[in-house]
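Data block below; observations after.
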Amino acid sequence: MPTYLFRCATCGDTERVFPMASVPATLDCPACGASARRRPTGAVLGVGTSPAMRLLDATARSASEPAVVPSVPAAGGRRVRPVTTNPLHRRLPRP
Ligand SMILES: [Zn+2]
């Protein structure tokens with residue numbers, strides 16, 4: 001089921017899950033009980049806990065909200081794959 005956003009004038013936004021066929025235009029604010037109107041946003045689909053759904057969400061989100069890093073990541077953390085796996089090549093002179 002999709003998640004919808006409702007806004008209370010005093011408390012702010014509240015997210016609620018409703019079936020698409022029965023989403024109300026207003027609901028009672030969980031904090032103060034006043035009427036909270038549904039915000040005109042698209043339904044948030046695919047917010048799941050499975051790794052595949054999180055990957056799809058992160059991929060879609062990176063198109064509009066790319067991650068900004070302060071510097072280029074160091075190459076030290078990356079494992080370097082050996083050029084050859086022949087054990088005889090290990091005894092060759094190194095530059
Ligand atoms: Zn409220």
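We label chains A, B, ... in the order they appear in the structure tokens, count residues from 1 in each chain, and number ligands from 1 in the order shown.
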What does the list of residues within 10 Å of ligand 1 look like if you count only C-alpha atoms and all ligand atoms, written as a PyMOL selection string? chain A and resi 7-14+28-36
Selection above as a file: C-alpha atoms, as an mmCIF file, in the first residue's frame:
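Printed below is out33.cif as written:
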data_model
loop_
_atom_site.group_PDB
_atom_site.id
_atom_site.type_symbol
_atom_site.label_atom_id
_atom_site.label_comp_id
_atom_site.auth_asym_id
_atom_site.auth_seq_id
_atom_site.Cartn_x
_atom_site.Cartn_y
_atom_site.Cartn_z
ATOM 1 C CA ARG A 7 -0.246 18.241 6.880
ATOM 2 C CA CYS A 8 -1.571 19.695 10.103
ATOM 3 C CA ALA A 9 -1.464 23.517 10.251
ATOM 4 C CA THR A 10 0.179 23.472 13.681
ATOM 5 C CA CYS A 11 2.040 20.148 13.961
ATOM 6 C CA GLY A 12 3.377 19.613 10.452
ATOM 7 C CA ASP A 13 3.436 16.540 8.231
ATOM 8 C CA THR A 14 2.251 13.042 9.059
ATOM 9 C CA ASP A 28 -7.337 13.732 12.469
ATOM 10 C CA CYS A 29 -3.843 14.855 13.415
ATOM 11 C CA PRO A 30 -2.294 12.214 15.714
ATOM 12 C CA ALA A 31 -0.685 14.933 17.880
ATOM 13 C CA CYS A 32 -3.410 17.536 18.389
ATOM 14 C CA GLY A 33 -6.539 16.025 16.850
ATOM 15 C CA ALA A 34 -7.103 18.883 14.408
ATOM 16 C CA SER A 35 -7.906 18.237 10.779
ATOM 17 C CA ALA A 36 -4.870 17.403 8.641
#
Identify, with DSSP run on backbone atoms, the residues in chain A assigned to helix (DSSP H, G or I), and express the list as a VMD selection string. chain A and resid 20 to 22 51 to 64 75 to 77 87 to 91
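With only C-alpha atoms as the atoms that count, the residue of A:Arg54, A:Met1, A:Phe6, A:Ala67 with the shortest distance to Phe18 (chain A) is A:Met1.
Backbone DSSP over region 6-93 of chain A gives strand (DSSP E) for Phe6, Arg7, Cys8, Gly12, Asp13, Thr14, Glu15, Arg16, Val17, Thr26, Leu27, Asp28, Ser35, Ala36, Arg37 and Arg38 of chain A.
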I'd like the neighbourhood of Arg16 (chain A) as a CSV table (one decimal) with N, CA and C atoms, in the first residue's frame, where a residue qualifies if any of its atoms comes within 7 Å (using only C-alpha atoms), though same-chain residues fewer than 5 positions away should be ignored.
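Here's the written file result-v2.csv:
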chain,number,residue,atom,x,y,z
A,3,THR,N,2.1,5.2,0.7
A,3,THR,CA,2.2,6.1,1.9
A,3,THR,C,1.8,7.5,1.4
A,4,TYR,N,0.9,8.1,2.1
A,4,TYR,CA,0.4,9.5,1.8
A,4,TYR,C,0.8,10.4,2.9
A,5,LEU,N,1.0,11.7,2.5
A,5,LEU,CA,1.4,12.7,3.4
A,5,LEU,C,0.3,13.6,3.7
One-decimal distance in Å that lies between CA of Pro2 (chain A) and CA of Leu56 (chain A): 15.8 Å
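Of the listed residues (A:Ser22, A:Ala58, A:Glu15, A:Val83), A:Glu15 comes nearest to Arg38 (chain A); the distances count only C-alpha atoms.
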